[in-house]
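Report on the structure given below.
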Amino acid sequence: MADSDKVRLRLPSTIKAGDVVQVRALVLHPMERVERDAQGRIIQKNYNYVNKVIVTYLGKTILSFDTSQGVAENPFFSFTFRATAPGPLKVEFLDTSGGRFERTVDIKFS
Amino acid sequence: MSGMTDESQMTRRAALGALGALGVAAAGGFVMGAPATARAQVLGLNESVQETMKRLFGDRPIKDGEALVKVDFPPIAENGSVVPISVTVDSPMTPASYVKNIYIVADKNRIPFVTRVTLAPEAGRAFMGANIRLGETGDLRAIAEQSDGTLLMVKREVKVTVGGCGG
């Protein structure tokens, strides 16, 4: 998938069925800050920042983040999911300029 | 558009021009970030924290969440550009009772809304972590919305040595 090399996911090395697993996800993204003119007014333009993160497990959206520019550059998120069955876990990042970054890992039990 | 002699050619050009304009308008609506149209700007607005709270929760009562909401906010953030935070809410996370949303609001940020996490019971635990930005020293709030609509809030002051919101 395009731009998937910008996304990093970290999961525990072993996952057992039924575990609540913590995932750490990072995307390389500038998260442009609001710029202001001399009077302190916001300059209206398209600021490019990630405004949505969607986590899908076994085809169902289990979690999403709606974010503003109050999230740091190269945003890092962590979340949990309950590993009920082997299958794909997908993390998708969408930005305000139409960019889409995603990575999928196959959850396997050991 | 000079030198047009033929009526049909004119129509064709006009039609093409209109199509082009439509394309631009569509792209503009998506990309330009005009508050009314862009999906992006709906939650994060430049406003006071009171306005943010009002917009997000209206007049709904917000209870003290100290018993259930555990926040991990640093008391001192040396660099406001990257402030690691996490929030865990004590919840069974079953379809009958789970935490629907966790909001993070920074009182002193010029755009107080930071993030809203929407959870399903499959998340297993009402937990979120993120690296956020803080402009200056002030309260940071975590508000959890349970599936029955109860709102629980916890506030902590975070001291910021170097602000991170720029401009």
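Note on naming: chains are A, B, ... as they come in the structure tokens, residues start from 1 per chain, ligands start from 1 in the order shown.
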### Task
Return as a PyMOL selection string the residues belonging to chain A that are within 8 Å of chain B, counting only C-alpha atoms.
chain A and resi 20+33-36+40+44-47+51+61-73+75-82+96-98
### Task
Quick one: everything within 7 Å of Tyr98 (chain B), counting only C-alpha atoms, minus sequence neighbours fewer than 5 positions away in the same chain. Send it as a ChimeraX atom specification.
/B:91-93,121,146-147
### Query
At what distance in Å, to one decimal, does CA of Asn74 (chain A) lie from CA of Gly99 (chain A)?
14.2 Å
### Task
Do a neighbour search on Arg103 (chain A) at 12 Å with only C-alpha atoms, toss out local chain neighbours closer than 4 positions, and write the hits as a PyMOL selection string.
chain A and resi 1-10+25-27+53-56+88-93
Got time to write the residues from that selection, C-alpha atoms, as an mmCIF file, in the first residue's frame?
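Wrote it out as part24.cif, contents follow:
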data_model
loop_
_atom_site.group_PDB
_atom_site.id
_atom_site.type_symbol
_atom_site.label_atom_id
_atom_site.label_comp_id
_atom_site.auth_asym_id
_atom_site.auth_seq_id
_atom_site.Cartn_x
_atom_site.Cartn_y
_atom_site.Cartn_z
ATOM 1 C CA MET A 1 0.000 0.000 0.000
ATOM 2 C CA ALA A 2 1.231 3.460 -0.859
ATOM 3 C CA ASP A 3 3.053 5.334 1.860
ATOM 4 C CA SER A 4 2.825 2.463 4.270
ATOM 5 C CA ASP A 5 6.512 2.882 5.004
ATOM 6 C CA LYS A 6 5.588 6.044 6.908
ATOM 7 C CA VAL A 7 3.599 4.045 9.420
ATOM 8 C CA ARG A 8 5.167 2.026 12.197
ATOM 9 C CA LEU A 9 3.252 -0.350 14.398
ATOM 10 C CA ARG A 10 4.582 -2.035 17.497
ATOM 11 C CA ALA A 25 1.309 3.331 16.194
ATOM 12 C CA LEU A 26 3.342 6.109 14.672
ATOM 13 C CA VAL A 27 3.087 7.961 11.385
ATOM 14 C CA VAL A 53 -6.909 7.595 12.677
ATOM 15 C CA ILE A 54 -8.951 4.464 12.123
ATOM 16 C CA VAL A 55 -8.215 1.070 13.635
ATOM 17 C CA THR A 56 -9.909 -1.929 12.050
ATOM 18 C CA PRO A 88 -5.792 -8.520 10.146
ATOM 19 C CA LEU A 89 -5.409 -5.414 12.278
ATOM 20 C CA LYS A 90 -5.262 -2.298 10.142
ATOM 21 C CA VAL A 91 -4.296 1.196 11.219
ATOM 22 C CA GLU A 92 -5.118 4.010 8.799
ATOM 23 C CA PHE A 93 -4.110 7.656 9.051
#
#### Entry: Selection: 12 Å around Ser13 (chain A), only C-alpha atoms, excl. self and same-chain fewer than 2 positions, as a ChimeraX atom specification
/A:9-11,15-16,21-23,107-110
If you keep C-alpha atoms, can you produce a file of those selected residues as an mmCIF file, in the first residue's frame?
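Written file, again-v4.cif:
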data_model
loop_
_atom_site.group_PDB
_atom_site.id
_atom_site.type_symbol
_atom_site.label_atom_id
_atom_site.label_comp_id
_atom_site.auth_asym_id
_atom_site.auth_seq_id
_atom_site.Cartn_x
_atom_site.Cartn_y
_atom_site.Cartn_z
ATOM 1 C CA LEU A 9 3.252 -0.350 14.398
ATOM 2 C CA ARG A 10 4.582 -2.035 17.497
ATOM 3 C CA LEU A 11 2.883 -4.997 19.074
ATOM 4 C CA ILE A 15 -0.198 -12.678 21.623
ATOM 5 C CA LYS A 16 -2.526 -15.214 23.194
ATOM 6 C CA VAL A 21 -3.162 -6.156 23.442
ATOM 7 C CA GLN A 22 -1.608 -2.716 23.493
ATOM 8 C CA VAL A 23 -0.501 -1.381 20.131
ATOM 9 C CA ILE A 107 -2.585 -11.107 14.327
ATOM 10 C CA LYS A 108 -1.465 -14.651 15.020
ATOM 11 C CA PHE A 109 -1.640 -16.549 18.264
ATOM 12 C CA SER A 110 1.310 -18.321 19.763
#
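For the atom pair formed by CA of Val89 (chain B) and CA of Val69 (chain B), the distance is 4.5 Å, given to one decimal.
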### Query
Excluding same-chain residues fewer than 4 positions from region 63-65 of chain B, what lies within 8 Å of it counting only C-alpha atoms, as a ChimeraX atom specification?
/B:69,150-154
Take the residues just selected and output them with N, CA and C atoms as a compact mmCIF listing (two decimals), in the first residue's frame.
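Saved file result-v1.txt follows:
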# COMPACT_ATOMS: atom_id res chain seq x y z
N VAL B 69 -11.41 7.51 36.12
CA VAL B 69 -10.53 7.92 35.01
C VAL B 69 -9.11 8.10 35.55
N THR B 150 -23.09 9.09 30.44
CA THR B 150 -22.47 9.77 31.58
C THR B 150 -21.12 10.37 31.15
N LEU B 151 -20.89 11.58 31.57
CA LEU B 151 -19.61 12.23 31.28
C LEU B 151 -18.80 12.33 32.56
N LEU B 152 -17.54 11.92 32.48
CA LEU B 152 -16.65 11.96 33.63
C LEU B 152 -15.41 12.76 33.23
N MET B 153 -15.04 13.68 34.09
CA MET B 153 -13.89 14.51 33.74
C MET B 153 -12.82 14.51 34.82
N VAL B 154 -11.58 14.53 34.37
CA VAL B 154 -10.44 14.68 35.26
C VAL B 154 -9.57 15.79 34.66
### DSSP-assigned strand (DSSP E or B) among chain A, expressed as a VMD selection string
chain A and resid 7 to 10 20 to 27 36 42 50 to 57 60 to 67 71 76 to 82 87 to 95 100 to 107
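Proximity ranking of B:Asn79, B:Ile143, B:Ala67, B:Lys108 relative to Glu47 (chain B) places B:Lys108 first, based on only C-alpha atoms.
Nearest to Asp139 (chain B) of all the residues B:Pro95, B:Pro75, B:Asp90, B:Met53 is B:Pro75, based on only C-alpha atoms.
Distance-wise, CA of Pro30 (chain A) and CA of Val71 (chain B) end up 26.7 Å apart.
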